[in-house]
>>> print(open('structure.cif').read())   # mmCIF, N, CA and C atoms
data_query
#
loop_
_atom_site.label_atom_id
_atom_site.label_comp_id
_atom_site.auth_asym_id
_atom_site.auth_seq_id
_atom_site.Cartn_x
_atom_site.Cartn_y
_atom_site.Cartn_z
N MET A 1 201.17 76.39 168.67
CA MET A 1 202.03 75.92 169.72
C MET A 1 203.36 76.66 169.66
N LEU A 2 203.89 77.01 170.81
CA LEU A 2 205.16 77.71 170.86
C LEU A 2 206.30 76.77 170.51
N GLU A 3 207.30 77.33 169.85
CA GLU A 3 208.48 76.55 169.55
C GLU A 3 209.27 76.30 170.83
N LEU A 4 210.10 75.28 170.82
CA LEU A 4 210.90 74.97 171.99
C LEU A 4 211.88 76.09 172.33
N SER A 5 212.24 76.91 171.33
CA SER A 5 213.19 77.99 171.60
C SER A 5 212.56 79.15 172.36
N ALA A 6 211.24 79.18 172.45
CA ALA A 6 210.56 80.24 173.20
C ALA A 6 210.38 79.78 174.64
N ASN A 7 210.87 80.57 175.57
CA ASN A 7 210.75 80.21 176.97
C ASN A 7 210.42 81.44 177.80
N PRO A 8 209.99 81.27 179.07
CA PRO A 8 209.49 82.38 179.85
C PRO A 8 210.51 83.47 180.15
N ASP A 9 211.80 83.19 180.07
CA ASP A 9 212.76 84.25 180.35
C ASP A 9 213.22 84.95 179.08
N PHE A 10 212.58 84.65 177.96
CA PHE A 10 212.81 85.31 176.68
C PHE A 10 214.21 85.11 176.12
N LEU A 11 214.91 84.09 176.57
CA LEU A 11 216.26 83.83 176.06
C LEU A 11 216.19 82.93 174.84
N LYS A 12 216.98 83.22 173.85
CA LYS A 12 217.15 82.32 172.72
C LYS A 12 218.11 81.24 173.16
N HIS A 13 217.73 79.98 173.03
CA HIS A 13 218.57 78.89 173.49
C HIS A 13 219.91 78.84 172.73
N GLU A 14 219.85 79.19 171.44
CA GLU A 14 221.07 79.08 170.64
C GLU A 14 222.13 80.10 171.07
N THR A 15 221.70 81.34 171.35
CA THR A 15 222.66 82.41 171.62
C THR A 15 222.70 82.84 173.07
N GLY A 16 221.66 82.53 173.84
CA GLY A 16 221.60 82.96 175.23
C GLY A 16 221.30 84.44 175.38
N THR A 17 220.82 85.09 174.31
CA THR A 17 220.49 86.52 174.37
C THR A 17 218.99 86.71 174.45
N ILE A 18 218.60 87.86 174.96
CA ILE A 18 217.18 88.21 175.02
C ILE A 18 216.78 88.83 173.69
N GLU A 19 215.80 88.22 173.02
CA GLU A 19 215.33 88.73 171.74
C GLU A 19 214.57 90.03 171.95
N GLN A 20 213.47 89.96 172.66
CA GLN A 20 212.71 91.12 173.09
C GLN A 20 211.89 90.71 174.30
N GLU A 21 211.55 91.69 175.11
CA GLU A 21 210.90 91.37 176.37
C GLU A 21 209.45 90.93 176.20
N TYR A 22 208.75 91.46 175.21
CA TYR A 22 207.32 91.21 175.07
C TYR A 22 207.09 90.21 173.94
N TYR A 23 206.32 89.18 174.24
CA TYR A 23 206.11 88.09 173.30
C TYR A 23 204.68 87.59 173.42
N ASP A 24 204.14 87.08 172.33
CA ASP A 24 202.81 86.48 172.32
C ASP A 24 202.89 85.13 173.03
N LEU A 25 202.78 85.17 174.36
CA LEU A 25 203.05 83.98 175.16
C LEU A 25 202.05 82.86 174.96
N ASP A 26 200.81 83.19 174.62
CA ASP A 26 199.84 82.12 174.46
C ASP A 26 199.87 81.49 173.08
N GLY A 27 200.64 82.06 172.17
CA GLY A 27 200.78 81.48 170.83
C GLY A 27 199.51 81.53 170.02
N SER A 28 198.62 82.49 170.32
CA SER A 28 197.32 82.52 169.64
C SER A 28 197.42 82.99 168.20
N ASN A 29 198.48 83.68 167.85
CA ASN A 29 198.65 84.13 166.47
C ASN A 29 199.57 83.13 165.77
N GLU A 30 198.97 82.15 165.11
CA GLU A 30 199.74 81.05 164.55
C GLU A 30 200.45 81.42 163.26
N SER A 31 199.98 82.45 162.55
CA SER A 31 200.57 82.76 161.25
C SER A 31 201.96 83.38 161.39
N ASN A 32 202.18 84.15 162.43
CA ASN A 32 203.51 84.72 162.65
C ASN A 32 203.67 85.05 164.13
N GLU A 33 204.91 85.16 164.55
CA GLU A 33 205.17 85.44 165.95
C GLU A 33 204.99 86.92 166.24
N LEU A 34 204.52 87.22 167.43
CA LEU A 34 204.34 88.61 167.84
C LEU A 34 205.40 88.96 168.86
N TRP A 35 206.19 89.96 168.54
CA TRP A 35 207.21 90.48 169.44
C TRP A 35 207.02 91.97 169.57
N GLY A 36 207.49 92.55 170.61
CA GLY A 36 207.56 94.00 170.75
C GLY A 36 206.22 94.69 170.70
N ALA A 37 206.10 95.69 169.81
CA ALA A 37 204.90 96.52 169.74
C ALA A 37 203.65 95.71 169.39
N ALA A 38 203.78 94.72 168.52
CA ALA A 38 202.62 93.90 168.16
C ALA A 38 202.09 93.14 169.37
N ALA A 39 202.98 92.64 170.21
CA ALA A 39 202.55 91.94 171.43
C ALA A 39 201.90 92.92 172.41
N LEU A 40 202.45 94.13 172.54
CA LEU A 40 201.84 95.13 173.41
C LEU A 40 200.47 95.54 172.90
N ASP A 41 200.33 95.69 171.58
CA ASP A 41 199.01 96.01 171.00
C ASP A 41 198.01 94.90 171.30
N GLN A 42 198.47 93.66 171.23
CA GLN A 42 197.60 92.53 171.56
C GLN A 42 197.16 92.60 173.02
N MET A 43 198.07 92.97 173.91
CA MET A 43 197.72 93.10 175.33
C MET A 43 196.68 94.19 175.54
N ILE A 44 196.86 95.34 174.88
CA ILE A 44 195.91 96.45 175.01
C ILE A 44 194.54 96.01 174.51
N GLU A 45 194.52 95.35 173.37
CA GLU A 45 193.25 94.89 172.81
C GLU A 45 192.57 93.90 173.74
N ASN A 46 193.32 93.00 174.36
CA ASN A 46 192.74 92.05 175.30
C ASN A 46 192.10 92.76 176.48
N VAL A 47 192.76 93.79 176.99
CA VAL A 47 192.19 94.54 178.11
C VAL A 47 190.91 95.24 177.67
N LEU A 48 190.95 95.91 176.52
CA LEU A 48 189.79 96.66 176.06
C LEU A 48 188.58 95.77 175.77
N LEU A 49 188.82 94.58 175.27
CA LEU A 49 187.71 93.71 174.86
C LEU A 49 187.23 92.76 175.94
N THR A 50 187.78 92.88 177.14
CA THR A 50 187.33 92.02 178.23
C THR A 50 186.20 92.69 178.98
N GLU A 51 185.07 92.02 179.00
CA GLU A 51 183.87 92.54 179.64
C GLU A 51 183.97 92.39 181.16
N LYS A 52 183.24 93.23 181.88
CA LYS A 52 183.22 93.14 183.34
C LYS A 52 182.81 91.73 183.77
N PHE A 53 183.52 91.21 184.77
CA PHE A 53 183.25 89.90 185.36
C PHE A 53 183.40 88.73 184.38
N GLU A 54 184.06 88.96 183.25
CA GLU A 54 184.28 87.90 182.29
C GLU A 54 185.34 86.91 182.77
N ARG A 55 186.35 87.40 183.44
CA ARG A 55 187.41 86.54 183.97
C ARG A 55 187.10 86.21 185.42
N LEU A 56 186.60 85.04 185.65
CA LEU A 56 186.09 84.66 186.96
C LEU A 56 187.14 84.70 188.06
N PHE A 57 188.38 84.42 187.74
CA PHE A 57 189.41 84.41 188.77
C PHE A 57 190.21 85.70 188.83
N ASN A 58 189.80 86.67 188.02
CA ASN A 58 190.44 87.98 188.04
C ASN A 58 189.38 89.01 187.64
N LEU A 59 188.45 89.27 188.53
CA LEU A 59 187.29 90.09 188.21
C LEU A 59 187.64 91.55 187.92
N SER A 60 188.79 92.01 188.36
CA SER A 60 189.15 93.42 188.11
C SER A 60 189.73 93.62 186.71
N PHE A 61 190.05 92.54 186.01
CA PHE A 61 190.59 92.64 184.65
C PHE A 61 189.44 92.86 183.69
N SER A 62 189.21 94.13 183.30
CA SER A 62 188.13 94.46 182.37
C SER A 62 188.23 95.93 182.00
N SER A 63 187.40 96.33 181.07
CA SER A 63 187.30 97.75 180.72
C SER A 63 185.82 98.12 180.57
N PRO A 64 185.51 99.41 180.62
CA PRO A 64 184.12 99.84 180.49
C PRO A 64 183.66 100.02 179.04
N ILE A 65 184.39 99.46 178.09
CA ILE A 65 184.05 99.65 176.67
C ILE A 65 182.66 99.13 176.35
N TYR A 66 182.30 97.97 176.87
CA TYR A 66 180.98 97.42 176.57
C TYR A 66 179.87 98.28 177.17
N ASP A 67 180.12 98.85 178.34
CA ASP A 67 179.13 99.78 178.91
C ASP A 67 178.94 100.98 178.00
N VAL A 68 180.03 101.48 177.45
CA VAL A 68 179.95 102.65 176.56
C VAL A 68 179.22 102.28 175.27
N LEU A 69 179.60 101.18 174.65
CA LEU A 69 179.02 100.82 173.36
C LEU A 69 177.55 100.44 173.45
N PHE A 70 177.15 99.81 174.54
CA PHE A 70 175.79 99.31 174.62
C PHE A 70 174.84 100.16 175.45
N GLN A 71 175.37 101.05 176.32
CA GLN A 71 174.47 101.80 177.18
C GLN A 71 174.70 103.31 177.15
N ASN A 72 175.94 103.74 177.35
CA ASN A 72 176.22 105.16 177.55
C ASN A 72 177.05 105.75 176.42
N PHE A 73 176.67 105.48 175.19
CA PHE A 73 177.50 105.91 174.07
C PHE A 73 177.70 107.42 174.05
N ASP A 74 176.69 108.18 174.46
CA ASP A 74 176.80 109.63 174.45
C ASP A 74 177.77 110.15 175.49
N ASN A 75 178.07 109.34 176.51
CA ASN A 75 178.95 109.77 177.59
C ASN A 75 180.33 109.12 177.52
N ALA A 76 180.76 108.74 176.34
CA ALA A 76 182.03 108.03 176.20
C ALA A 76 183.22 108.85 176.70
N ASN A 77 183.16 110.16 176.56
CA ASN A 77 184.28 111.00 177.00
C ASN A 77 184.52 110.92 178.51
N LEU A 78 183.49 110.57 179.26
CA LEU A 78 183.64 110.45 180.71
C LEU A 78 184.52 109.25 181.09
N TYR A 79 184.66 108.29 180.19
CA TYR A 79 185.39 107.06 180.47
C TYR A 79 186.84 107.09 180.01
N VAL A 80 187.26 108.13 179.31
CA VAL A 80 188.58 108.15 178.69
C VAL A 80 189.70 107.93 179.70
N ASN A 81 189.73 108.71 180.77
CA ASN A 81 190.79 108.55 181.76
C ASN A 81 190.74 107.20 182.45
N THR A 82 189.54 106.70 182.69
CA THR A 82 189.40 105.37 183.30
C THR A 82 189.98 104.30 182.38
N ILE A 83 189.69 104.40 181.10
CA ILE A 83 190.20 103.44 180.12
C ILE A 83 191.72 103.48 180.09
N PHE A 84 192.29 104.67 180.05
CA PHE A 84 193.75 104.80 180.03
C PHE A 84 194.37 104.26 181.32
N ASP A 85 193.74 104.53 182.46
CA ASP A 85 194.26 104.02 183.74
C ASP A 85 194.26 102.50 183.76
N ILE A 86 193.20 101.89 183.26
CA ILE A 86 193.09 100.43 183.23
C ILE A 86 194.15 99.83 182.32
N ILE A 87 194.34 100.43 181.16
CA ILE A 87 195.36 99.92 180.23
C ILE A 87 196.75 100.00 180.88
N GLU A 88 197.07 101.14 181.48
CA GLU A 88 198.39 101.30 182.10
C GLU A 88 198.58 100.37 183.30
N PHE A 89 197.50 100.01 183.97
CA PHE A 89 197.60 99.09 185.09
C PHE A 89 197.96 97.68 184.63
N TRP A 90 197.32 97.22 183.54
CA TRP A 90 197.48 95.83 183.11
C TRP A 90 198.56 95.62 182.06
N VAL A 91 198.89 96.65 181.30
CA VAL A 91 199.88 96.52 180.23
C VAL A 91 201.11 97.35 180.61
N PRO A 92 202.31 96.83 180.42
CA PRO A 92 203.51 97.56 180.85
C PRO A 92 203.88 98.71 179.91
N ILE A 93 203.02 99.73 179.86
CA ILE A 93 203.25 100.89 179.01
C ILE A 93 202.89 102.18 179.75
N LYS A 94 203.34 103.29 179.20
CA LYS A 94 202.93 104.63 179.65
C LYS A 94 202.32 105.31 178.44
N ILE A 95 201.05 105.71 178.56
CA ILE A 95 200.31 106.32 177.46
C ILE A 95 200.62 107.81 177.38
N ASP A 96 200.83 108.30 176.17
CA ASP A 96 200.99 109.74 175.93
C ASP A 96 199.58 110.33 175.85
N ARG A 97 199.04 110.68 177.00
CA ARG A 97 197.64 111.10 177.08
C ARG A 97 197.34 112.40 176.33
N SER A 98 198.33 113.26 176.19
CA SER A 98 198.08 114.52 175.49
C SER A 98 197.86 114.30 173.99
N ASN A 99 198.36 113.21 173.44
CA ASN A 99 198.18 112.92 172.01
C ASN A 99 197.24 111.75 171.75
N ALA A 100 196.75 111.12 172.79
CA ALA A 100 195.83 109.98 172.64
C ALA A 100 194.42 110.48 172.32
N LYS A 101 193.73 109.71 171.50
CA LYS A 101 192.36 110.08 171.10
C LYS A 101 191.46 108.86 171.14
N ILE A 102 190.26 109.08 171.62
CA ILE A 102 189.20 108.08 171.47
C ILE A 102 188.05 108.81 170.78
N GLU A 103 187.81 108.44 169.53
CA GLU A 103 186.82 109.13 168.72
C GLU A 103 185.53 108.31 168.66
N GLN A 104 184.41 108.99 168.85
CA GLN A 104 183.11 108.33 168.75
C GLN A 104 182.65 108.35 167.30
N ILE A 105 182.11 107.22 166.85
CA ILE A 105 181.52 107.12 165.51
C ILE A 105 180.07 106.71 165.71
N PRO A 106 179.17 107.67 165.96
CA PRO A 106 177.79 107.35 166.35
C PRO A 106 177.01 106.53 165.32
N GLU A 107 177.22 106.80 164.03
CA GLU A 107 176.44 106.08 163.01
C GLU A 107 176.76 104.59 162.97
N ARG A 108 177.90 104.19 163.53
CA ARG A 108 178.28 102.78 163.57
C ARG A 108 178.35 102.23 164.99
N ASN A 109 178.00 103.06 165.97
CA ASN A 109 178.15 102.69 167.38
C ASN A 109 179.54 102.11 167.63
N ALA A 110 180.54 102.89 167.24
CA ALA A 110 181.92 102.43 167.34
C ALA A 110 182.79 103.49 168.02
N LEU A 111 183.92 103.03 168.54
CA LEU A 111 184.94 103.91 169.10
C LEU A 111 186.23 103.63 168.35
N ALA A 112 186.90 104.70 167.90
CA ALA A 112 188.19 104.58 167.22
C ALA A 112 189.28 105.04 168.18
N PHE A 113 190.26 104.18 168.39
CA PHE A 113 191.34 104.46 169.34
C PHE A 113 192.62 104.82 168.61
N GLN A 114 193.26 105.87 169.06
CA GLN A 114 194.63 106.24 168.65
C GLN A 114 195.37 106.48 169.96
N ILE A 115 196.13 105.50 170.41
CA ILE A 115 196.78 105.58 171.72
C ILE A 115 198.29 105.43 171.54
N PRO A 116 199.02 106.55 171.50
CA PRO A 116 200.47 106.45 171.45
C PRO A 116 201.01 106.07 172.83
N TYR A 117 202.04 105.24 172.85
CA TYR A 117 202.58 104.76 174.13
C TYR A 117 204.06 104.47 174.02
N ILE A 118 204.68 104.35 175.18
CA ILE A 118 206.07 103.93 175.31
C ILE A 118 206.07 102.79 176.33
N SER A 119 206.79 101.72 176.02
CA SER A 119 206.87 100.61 176.97
C SER A 119 207.58 101.06 178.23
N ASN A 120 207.28 100.40 179.34
CA ASN A 120 207.88 100.78 180.62
C ASN A 120 209.40 100.68 180.62
N ASN A 121 209.95 99.80 179.77
CA ASN A 121 211.41 99.71 179.71
C ASN A 121 212.01 100.76 178.77
N GLY A 122 211.15 101.54 178.09
CA GLY A 122 211.60 102.63 177.23
C GLY A 122 212.13 102.19 175.87
N GLN A 123 212.05 100.93 175.55
CA GLN A 123 212.62 100.44 174.30
C GLN A 123 211.64 100.45 173.13
N ILE A 124 210.35 100.51 173.40
CA ILE A 124 209.35 100.43 172.33
C ILE A 124 208.43 101.64 172.40
N ALA A 125 208.34 102.36 171.29
CA ALA A 125 207.38 103.46 171.16
C ALA A 125 206.50 103.14 169.96
N SER A 126 205.19 103.16 170.18
CA SER A 126 204.27 102.79 169.11
C SER A 126 202.92 103.48 169.34
N CYS A 127 201.97 103.16 168.47
CA CYS A 127 200.61 103.71 168.61
C CYS A 127 199.61 102.59 168.37
N PHE A 128 198.74 102.37 169.34
CA PHE A 128 197.66 101.39 169.22
C PHE A 128 196.54 102.08 168.44
N ALA A 129 196.19 101.55 167.29
CA ALA A 129 195.15 102.14 166.45
C ALA A 129 194.15 101.05 166.07
N ARG A 130 192.96 101.10 166.65
CA ARG A 130 191.91 100.12 166.36
C ARG A 130 190.55 100.81 166.41
N ARG A 131 189.58 100.16 165.77
CA ARG A 131 188.18 100.58 165.89
C ARG A 131 187.41 99.43 166.49
N ILE A 132 186.64 99.73 167.53
CA ILE A 132 185.85 98.71 168.21
C ILE A 132 184.39 99.12 168.09
N SER A 133 183.54 98.17 167.68
CA SER A 133 182.11 98.47 167.53
C SER A 133 181.30 97.35 168.11
N LYS A 134 179.97 97.55 168.12
CA LYS A 134 179.05 96.54 168.65
C LYS A 134 179.15 95.28 167.85
#
>>> encode(input="structure.cif", output="structure tokens")
Amino acid sequence: MLELSANPDFLKHETGTIEQEYYDLDGSNESNELWGAAALDQMIENVLLTEKFERLFNLSFSSPIYDVLFQNFDNANLYVNTIFDIIEFWVPIKIDRSNAKIEQIPERNALAFQIPYISNNGQIASCFARRISK
């Protein structure tokens, strides 16, 4: 559960200042709060792991990762730009596409992501690094 000091305009009640723009709004990470790059990484992961038509009231929110992992693993490179476009549409970041990598790991039917990005407000620069498999 979110603390009372967390509110939608990101202001700290005690000081009236903005802590950071990006926050784990659903409070799903109970062990510690997610701010900044960690919250953006969580957003990217949510986009990547959402299957087509999984969100009934927002059918366009999805990625082709499951299609790649379960059907077209050999053609994963064809989906790279689509994946980056989807992430940039749903997450407030700009991906450094020249340094971004999606590596195939055929023996594990996995994809390893190295996605450097800058937040749209220019305050956060980080790299999303995860491995997703079947």
>>> residues_around(input="structure.cif", residues="A:Ile118", least_positions_apart="5", cutoff="5 Å", atoms="all atoms listed in the file", output="list in words")
Ile93, Lys94, Ile124 and Ala125 of chain A
>>> atom_distance(input="structure.cif", atom1="atom CA of A:Pro106", atom2="atom CA of A:Leu40")
27.9 Å
>>> atom_distance(input="structure.cif", atom1="atom N of A:Asn109", atom2="atom C of A:Ser133")
6.9 Å
>>> resolve_selection(input="structure.cif", expression="the PyMOL selection byres ((chain A and resi 48) around 8)", output="list in words")
Gln42, Met43, Ile44, Glu45, Asn46, Val47, Leu49, Thr50, Glu51, Phe61, Ser62, Ser63, Pro64, Ile65, Tyr66, Ile83, Ile86 and Ile87 of chain A
>>> closest_residue(input="structure.cif", among="A:Lys52, A:Pro116, A:Thr82, A:Ala110", to="A:Ile95", atoms="only N, CA and C atoms")
A:Pro116
>>> atom_distance(input="structure.cif", atom1="atom CA of A:Pro92", atom2="atom CA of A:Asn58")
17.7 Å
>>> residues_near_point(input="structure.cif", point="(177.8, 101.4, 167.9)", cutoff="8 Å", atoms="all atoms listed in the file", output="list of chain:residue names")
A:Val68, A:Leu69, A:Phe70, A:Phe73, A:Ile105, A:Pro106, A:Glu107, A:Arg108, A:Asn109, A:Ala110, A:Leu111, A:Ile132, A:Ser133, A:Lys134
>>> closest_residue(input="structure.cif", among="A:Asp67, A:Leu59, A:Phe113, A:Asn120", to="A:Glu88", atoms="only C-alpha atoms")
A:Asn120
>>> closest_residue(input="structure.cif", among="A:Tyr79, A:Arg131, A:Ser60, A:Asp41", to="A:Ser119", atoms="only C-alpha atoms")
A:Asp41
>>> closest_residue(input="structure.cif", among="A:Ile115, A:Ala38, A:Leu56, A:Ala129", to="A:Val80", atoms="only C-alpha atoms")
A:Ile115
>>> decode(input="structure.cif", residues="stretch 58-115 of chain A", atoms="C-alpha atoms", output="short mmCIF file (atom, residue, chain, number, x, y, z; two decimals), in the first residue's frame")
data_model
loop_
_atom_site.label_atom_id
_atom_site.label_comp_id
_atom_site.auth_asym_id
_atom_site.auth_seq_id
_atom_site.Cartn_x
_atom_site.Cartn_y
_atom_site.Cartn_z
CA ASN A 58 -6.47 -1.48 -23.90
CA LEU A 59 -5.84 -4.03 -26.64
CA SER A 60 -2.99 -2.08 -28.23
CA PHE A 61 -0.89 -2.32 -25.04
CA SER A 62 1.33 -5.33 -25.83
CA SER A 63 4.56 -6.45 -27.43
CA PRO A 64 5.43 -9.21 -29.91
CA ILE A 65 7.83 -10.91 -27.47
CA TYR A 66 5.60 -13.94 -26.96
CA ASP A 67 5.26 -14.37 -30.72
CA VAL A 68 9.04 -14.35 -31.00
CA LEU A 69 9.67 -16.73 -28.10
CA PHE A 70 6.99 -19.25 -28.98
CA GLN A 71 6.73 -19.11 -32.79
CA ASN A 72 9.27 -17.04 -34.73
CA PHE A 73 12.43 -17.30 -32.66
CA ASP A 74 14.64 -17.41 -35.76
CA ASN A 75 13.14 -14.12 -36.99
CA ALA A 76 13.58 -12.11 -33.79
CA ASN A 77 15.68 -9.45 -35.55
CA LEU A 78 12.66 -8.51 -37.66
CA TYR A 79 10.84 -7.37 -34.51
CA VAL A 80 13.56 -5.14 -33.01
CA ASN A 81 12.32 -1.81 -34.37
CA THR A 82 8.72 -2.73 -33.59
CA ILE A 83 9.66 -3.54 -30.00
CA PHE A 84 11.53 -0.25 -29.60
CA ASP A 85 8.63 1.70 -31.13
CA ILE A 86 6.15 0.09 -28.73
CA ILE A 87 8.34 0.81 -25.71
CA GLU A 88 8.78 4.46 -26.72
CA PHE A 89 5.04 4.80 -27.28
CA TRP A 90 4.03 3.53 -23.83
CA VAL A 91 7.02 4.54 -21.67
CA PRO A 92 8.20 8.18 -21.45
CA ILE A 93 11.71 7.49 -22.77
CA LYS A 94 13.84 7.84 -25.89
CA ILE A 95 15.88 4.71 -26.70
CA ASP A 96 19.47 5.02 -27.91
CA ARG A 97 18.87 2.61 -30.80
CA SER A 98 22.46 2.68 -32.06
CA ASN A 99 23.67 1.13 -28.78
CA ALA A 100 20.62 -1.00 -27.95
CA LYS A 101 20.89 -4.77 -28.35
CA ILE A 102 18.48 -7.66 -28.32
CA GLU A 103 20.49 -10.87 -28.25
CA GLN A 104 19.02 -14.27 -29.05
CA ILE A 105 19.95 -17.20 -26.80
CA PRO A 106 18.67 -20.17 -28.84
CA GLU A 107 19.68 -22.93 -26.39
CA ARG A 108 17.41 -21.36 -23.75
CA ASN A 109 14.77 -19.87 -26.07
CA ALA A 110 15.52 -16.52 -24.49
CA LEU A 111 16.10 -12.91 -25.49
CA ALA A 112 18.60 -10.71 -23.64
CA PHE A 113 17.85 -6.99 -23.70
CA GLN A 114 20.35 -4.15 -23.32
CA ILE A 115 18.35 -0.97 -23.95
#
